[in-house]
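*Asks:* See entry.txt below, with compact mmCIF, C-alpha atoms.
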# COMPACT_ATOMS: atom_id res chain seq x y z
CA MET A 111 32.39 61.74 3.00
CA PRO A 112 33.38 64.98 4.76
CA PRO A 113 37.10 65.53 5.39
CA ARG A 114 38.42 64.28 8.71
CA ARG A 115 39.05 66.88 11.38
CA ASN A 116 42.64 66.92 12.55
CA TYR A 117 44.98 68.73 14.88
CA ASP A 118 47.34 69.93 12.14
CA GLN A 119 50.33 69.11 14.32
CA TYR A 120 53.46 67.34 13.07
CA CYS A 121 53.51 64.91 16.02
CA SER A 122 52.87 61.16 15.96
CA ALA A 123 50.59 61.35 19.02
CA ALA A 124 48.52 64.06 17.37
CA ARG A 125 48.38 62.07 14.12
CA ALA A 126 47.22 59.00 16.06
CA LEU A 127 44.49 61.02 17.77
CA ASP A 128 43.42 62.35 14.38
CA VAL A 129 42.48 58.74 13.59
CA VAL A 130 41.30 57.24 16.90
CA GLY A 131 40.62 60.25 19.11
CA ASP A 132 36.92 60.62 18.33
CA ARG A 133 34.44 59.45 20.97
CA TRP A 134 33.53 55.73 20.60
CA THR A 135 36.28 54.79 18.13
CA LEU A 136 38.50 52.91 20.58
CA LEU A 137 35.48 51.19 22.14
CA ILE A 138 34.48 49.97 18.69
CA VAL A 139 38.01 48.60 18.37
CA ARG A 140 37.53 46.85 21.73
CA GLU A 141 34.42 45.14 20.37
CA LEU A 142 36.04 44.19 17.06
CA LEU A 143 38.98 42.56 18.85
CA ALA A 144 36.47 39.72 19.33
CA GLY A 145 36.43 39.15 15.57
CA PRO A 146 33.84 40.01 12.91
CA ARG A 147 30.72 41.71 14.32
CA ARG A 148 27.44 42.74 12.76
CA TYR A 149 26.32 46.35 13.04
CA THR A 150 23.39 45.31 15.24
CA ASP A 151 25.73 43.41 17.59
CA LEU A 152 28.02 46.41 17.88
CA HIS A 153 25.11 48.69 18.63
CA ALA A 154 23.81 46.31 21.32
CA ASP A 155 27.21 46.11 23.04
CA LEU A 156 27.91 49.85 22.93
CA PRO A 157 25.05 51.18 25.05
CA GLY A 158 24.71 54.92 24.67
CA VAL A 159 25.96 55.26 21.11
CA SER A 160 23.45 56.54 18.57
CA THR A 161 22.95 54.72 15.29
CA ASP A 162 24.16 57.77 13.36
CA VAL A 163 27.36 58.10 15.38
CA LEU A 164 28.13 54.38 15.17
CA ALA A 165 27.62 54.37 11.40
CA SER A 166 29.81 57.47 11.07
CA ARG A 167 32.62 56.01 13.19
CA LEU A 168 32.57 52.75 11.22
CA ARG A 169 32.81 54.68 7.94
CA ASP A 170 35.75 56.64 9.36
CA MET A 171 37.46 53.43 10.46
CA GLU A 172 37.04 51.95 6.99
CA ARG A 173 38.43 55.09 5.38
CA ASP A 174 41.40 55.15 7.75
CA GLY A 175 42.27 51.49 7.20
CA LEU A 176 41.34 50.29 10.70
CA ALA A 177 38.35 48.13 9.73
CA THR A 178 36.75 46.51 6.72
CA ARG A 179 33.18 45.53 5.91
CA ARG A 180 32.29 42.30 4.13
CA ARG A 181 29.28 40.14 3.50
CA LEU A 182 29.09 36.69 5.06
CA PRO A 183 28.29 33.81 2.71
CA PRO A 184 24.90 32.06 3.02
CA PRO A 185 23.26 31.11 5.27
CA GLY A 186 24.62 34.10 7.22
CA ALA A 187 24.13 36.62 4.41
CA ALA A 188 24.83 39.55 6.73
CA HIS A 189 27.44 42.28 6.60
CA VAL A 190 30.11 42.22 9.30
CA TYR A 191 32.87 44.59 10.32
CA GLU A 192 36.32 43.38 11.29
CA LEU A 193 39.67 44.91 12.13
CA THR A 194 42.48 45.14 9.64
CA SER A 195 46.00 44.26 10.74
CA ARG A 196 46.56 47.97 11.42
CA GLY A 197 43.41 48.12 13.52
CA ARG A 198 44.52 45.11 15.50
CA GLN A 199 47.77 46.91 16.32
CA LEU A 200 45.67 49.02 18.68
CA LEU A 201 45.45 46.10 21.14
CA PRO A 202 48.50 47.19 23.17
CA VAL A 203 47.17 50.76 23.11
CA LEU A 204 43.88 49.60 24.63
CA GLN A 205 45.73 47.39 27.11
CA ALA A 206 47.90 50.30 28.23
CA LEU A 207 44.87 52.59 28.41
CA GLY A 208 43.02 49.99 30.46
CA ALA A 209 45.94 49.61 32.85
CA TRP A 210 46.14 53.38 33.25
CA GLY A 211 42.38 53.56 33.80
CA GLN A 212 42.31 50.97 36.60
CA ALA A 213 42.45 53.75 39.17
CA GLU A 214 39.37 55.38 37.63
CA LEU A 215 37.05 52.38 38.01
CA GLY A 216 36.06 52.78 41.64
CA GLU A 217 32.69 51.34 42.61
CA ARG A 218 30.24 50.49 39.88
CA ARG A 219 27.62 53.24 39.50
CA PRO A 220 23.91 52.40 39.21
CA THR A 221 23.94 53.81 35.67
CA ASP A 222 26.96 51.78 34.53
CA ALA A 223 26.26 49.15 31.88
CA VAL A 224 28.31 45.96 31.97
CA ARG A 225 28.92 43.10 29.57
CA ALA A 226 30.78 39.93 30.54
CA HIS A 227 33.23 40.29 27.64
CA TRP A 228 34.30 43.75 28.82
CA PHE A 229 36.39 41.87 31.39
CA ALA A 230 38.24 40.06 28.59
CA LEU A 231 41.06 42.55 28.07
CA PRO A 232 41.88 43.02 31.80
CA LEU A 233 41.94 39.24 32.29
CA LEU A 234 44.05 38.80 29.17
CA ARG A 235 46.49 41.41 30.46
CA SER A 236 46.75 39.55 33.76
CA LEU A 237 47.14 36.17 32.05
CA GLU A 238 49.90 37.40 29.79
CA GLY A 239 51.60 39.03 32.75
CA ARG A 240 52.37 36.96 35.84
CA GLY A 241 49.45 34.56 35.41
CA ALA A 242 50.67 32.49 32.46
CA ALA A 243 53.47 34.48 30.86
CA GLY A 244 54.78 32.93 27.65
CA GLU A 245 51.94 30.42 27.32
CA ARG A 246 49.54 30.28 24.39
CA GLY A 247 46.10 28.81 24.04
CA THR A 248 42.40 29.29 24.68
CA VAL A 249 40.91 30.06 28.07
CA GLU A 250 37.19 29.88 28.71
CA VAL A 251 35.86 32.18 31.44
CA GLN A 252 32.58 31.79 33.30
CA LEU A 253 31.12 34.77 35.19
CA GLU A 254 27.64 35.43 36.58
CA GLU A 255 27.08 37.84 33.67
CA GLY A 256 27.97 35.27 31.04
CA ARG A 257 30.72 33.30 29.38
CA PHE A 258 33.50 34.31 27.01
CA HIS A 259 36.85 32.95 25.91
CA LEU A 260 40.34 34.39 25.47
CA HIS A 261 43.00 33.61 22.89
CA VAL A 262 46.15 34.01 24.96
CA GLY A 263 49.27 34.85 22.96
CA ALA A 264 47.39 35.16 19.65
CA GLU A 265 49.44 37.10 17.12
CA ASP A 266 46.59 37.62 14.67
CA GLY A 267 42.86 36.99 14.49
CA PRO A 268 40.41 37.52 17.35
CA VAL A 269 41.77 38.23 20.82
CA TYR A 270 38.64 37.02 22.57
CA GLY A 271 35.14 35.83 21.76
CA GLU A 272 31.71 35.74 23.35
CA GLY A 273 30.28 32.45 24.55
CA PRO A 274 32.09 29.15 25.08
CA ALA A 275 35.24 28.29 23.18
CA ALA A 276 34.98 26.25 20.01
CA GLY A 277 36.36 22.86 20.99
CA GLU A 278 38.08 21.99 24.21
CA PRO A 279 39.83 25.02 25.78
CA ASP A 280 43.28 24.74 27.31
CA ALA A 281 41.86 26.03 30.60
CA ARG A 282 38.52 26.93 32.13
CA LEU A 283 38.16 29.62 34.77
CA VAL A 284 35.16 30.12 37.02
CA LEU A 285 35.15 33.26 39.15
CA ASP A 286 32.71 35.75 40.58
CA THR A 287 32.24 39.31 39.47
CA ASP A 288 33.90 40.74 42.59
CA THR A 289 37.10 38.85 41.83
CA CYS A 290 37.02 39.82 38.18
CA THR A 291 36.43 43.44 39.16
CA ALA A 292 39.37 43.32 41.58
CA VAL A 293 41.60 42.13 38.72
CA SER A 294 40.24 44.90 36.48
CA ARG A 295 40.97 47.50 39.15
CA GLY A 296 44.50 46.22 39.64
CA GLU A 297 43.78 45.28 43.27
CA THR A 298 44.93 41.72 42.62
CA ASP A 299 46.16 39.69 39.71
CA LEU A 300 44.83 36.42 38.40
CA ALA A 301 47.71 34.36 39.78
CA ASP A 302 47.06 35.62 43.31
CA ALA A 303 43.31 35.08 42.95
CA VAL A 304 43.91 31.47 41.87
CA ARG A 305 46.25 30.84 44.79
CA GLU A 306 43.71 32.31 47.22
CA GLY A 307 41.00 29.99 45.92
CA ARG A 308 38.92 32.78 44.40
CA VAL A 309 39.24 31.32 40.88
CA GLU A 310 38.49 27.71 39.99
CA VAL A 311 40.86 26.43 37.28
CA THR A 312 40.19 23.21 35.36
CA GLY A 313 41.89 21.69 32.35
CA ASP A 314 45.05 19.79 31.53
CA GLY A 315 46.68 22.21 29.10
CA PRO A 316 49.84 24.22 29.79
CA LEU A 317 47.80 27.32 30.56
CA ALA A 318 45.80 25.53 33.26
CA LYS A 319 48.96 24.03 34.76
CA ALA A 320 50.71 27.42 34.70
CA LEU A 321 47.81 29.04 36.51
CA ARG A 322 47.54 26.34 39.14
CA GLY A 323 51.28 26.52 39.72
CA ALA A 324 51.49 30.31 39.75
Show me, as structure tokens, the structure contained in the file I just sent.
*Replies:*
Amino acid sequence: MPPRRNYDQYCSAARALDVVGDRWTLLIVRELLAGPRRYTDLHADLPGVSTDVLASRLRDMERDGLATRRRLPPPGAAHVYELTSRGRQLLPVLQALGAWGQAELGERRPTDAVRAHWFALPLLRSLEGRGAAGERGTVEVQLEEGRFHLHVGAEDGPVYGEGPAAGEPDARLVLDTDTCTAVSRGETDLADAVREGRVEVTGDGPLAKALRGA
């Protein structure tokens, strides 16, 4: 494997960018925050990345201790990539970057791809803020584009997952894309959207009660 390019600067920010500053790396982290993913799944959910670049970034992430590759037992028998504990420590970095980037979203362009689970981190940020601060549990989210679930307050393991939650979630949210986009842009937060009737909340868990009472 060729040596990693670096900035040769004795600065923690420069050292961090040596590891995660290449194009696509942080978006791969975003995808792996959902838990173990196959290469084909990653490629499908990162439209625009070439197979060569994706393979190269994954090798770099393995070398730098951000991700590992393992083989699933039968009947899966496929290789998956997953974040290490150090890789998962990038969650607050992505959350801060997402908050900073809210002002850059603007209107969706005709060329913009979208996946339902790309709304997971903005919604999680809003839930862990004023929406349901201090609460823990699983929240299932239904959008027109699809369904995903969030693990609010999780200290390790996946932060979110595609599809419905395994078992009964603590809360279910149904909202339209416009509302979810408004949360992502920072134009409103989830608590306000619930109060305004733009988000339907069901469930009897503490998370559902916190959201309905927000």
*Asks:* Select, from A:Ala230, A:Leu182, A:Leu193, A:Ala275, the residue with the minimum atom-to-atom distance to Gln205 (chain A), counting only C-alpha atoms.
*Replies:*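 Closest candidate: A:Ala230.
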*Asks:* For Pro274 (chain A), please output as number ranges by chain all residues within 9 Å (counting only C-alpha atoms; exclusion window: fewer than 6 positions along the same chain).
*Replies:* A: 250-252, 257-259
*Asks:* Which neighbours of Gly197 (chain A) fall inside 8 Å, counting only C-alpha atoms, when residues of the same chain fewer than 3 positions from it are skipped, and could you give them as a ChimeraX atom specification?
*Replies:* /A:139,175-177,193-194,200
*Asks:* Could you pull the residues within 12 Å of region 310-324 of chain A, counting all atoms listed in the file, minus those fewer than 2 positions along the same chain, as number ranges by chain?
*Replies:* A: 236-253, 260-263, 278-286, 289, 299-308
*Asks:* Which residues are close to region 149-155 of chain A, i.e. within 8 Å by all atoms listed in the file, leaving aside same-chain residues fewer than 6 positions away? Reply as a tab-separated table (two decimals) with C-alpha atoms, keeping the file's coordinate frame.
*Replies:*
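Result saved to result-v1.tsv:
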chain	number	residue	atom	x	y	z
A	138	ILE	CA	34.48	49.97	18.69
A	141	GLU	CA	34.42	45.14	20.37
A	161	THR	CA	22.95	54.72	15.29
A	164	LEU	CA	28.13	54.38	15.17
A	189	HIS	CA	27.44	42.28	6.60
A	190	VAL	CA	30.11	42.22	9.30
A	191	TYR	CA	32.87	44.59	10.32
A	225	ARG	CA	28.92	43.10	29.57
*Asks:* What does the distance between CA of Pro202 (chain A) and CA of Gly216 (chain A) come to in Å, to one decimal place?
*Replies:*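 These two atoms are separated by 23.0 Å.
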*Asks:* Looking at A:Val309, A:Leu201, A:Ala126, A:Ala188, which one is nearest to Pro232 (chain A), with distances taken over all atoms listed in the file?
*Replies:*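 Selected residue with least distance to Pro232 (chain A): A:Leu201.
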*Asks:* For each of A:Leu127, A:Val163, A:Ala144, A:Leu136, take the minimum atom-to-atom distance to Asp266 (chain A), counting all atoms listed in the file, then give the residue where this is smallest.
*Replies:*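 Of A:Leu127, A:Val163, A:Ala144, A:Leu136, the one nearest Asp266 (chain A), counting all atoms listed in the file, is A:Ala144.
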*Asks:* Ser166 (chain A): which residues within 12 Å, counting only C-alpha atoms, same-chain residues fewer than 5 positions away excluded, as a list in words?
*Replies:*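 Skipping anything fewer than 5 positions along the chain leaves Met111, Pro112, Arg114, Asp132, Arg133, Trp134, Thr135, Ile138, Tyr149, Val159, Ser160, Thr161, Met171, Glu172 and Arg173 of chain A.
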*Asks:* Edge lengths and centre, in Å to one decimal, as AutoDock Vina command-line options: that's what I need for the box along x, y and z that holds all listed atoms of region 296-301 of chain A plus 8 Å on each side.
*Replies:*
--center_x 45.7 --center_y 40.3 --center_z 40.8 --size_x 19.9 --size_y 27.9 --size_z 20.9
*Asks:* Any idea what the distance is between CA of Leu233 (chain A) and CA of Ala276 (chain A)?
*Replies:*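 That distance, rounded to one decimal, is 19.2 Å.
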*Asks:* Taking all atoms listed in the file into account, which of A:Leu137, A:Pro268, A:Arg148, A:Gly256 comes nearest His227 (chain A)?
*Replies:*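 For His227 (chain A), the nearest of the candidates is A:Gly256.
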*Asks:* CA of Val224 (chain A) and CA of Ala165 (chain A), how far apart in Å?
*Replies:*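 Those two atoms sit 22.2 Å apart.
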*Asks:* For a quick check of understanding, using only C-alpha atoms, which of A:Pro183, A:Gly296, A:Gln199, A:Pro157 has the smallest distance to Asp222 (chain A)?
*Replies:*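 Of A:Pro183, A:Gly296, A:Gln199, A:Pro157, the one nearest Asp222 (chain A) is A:Pro157, counting only C-alpha atoms.
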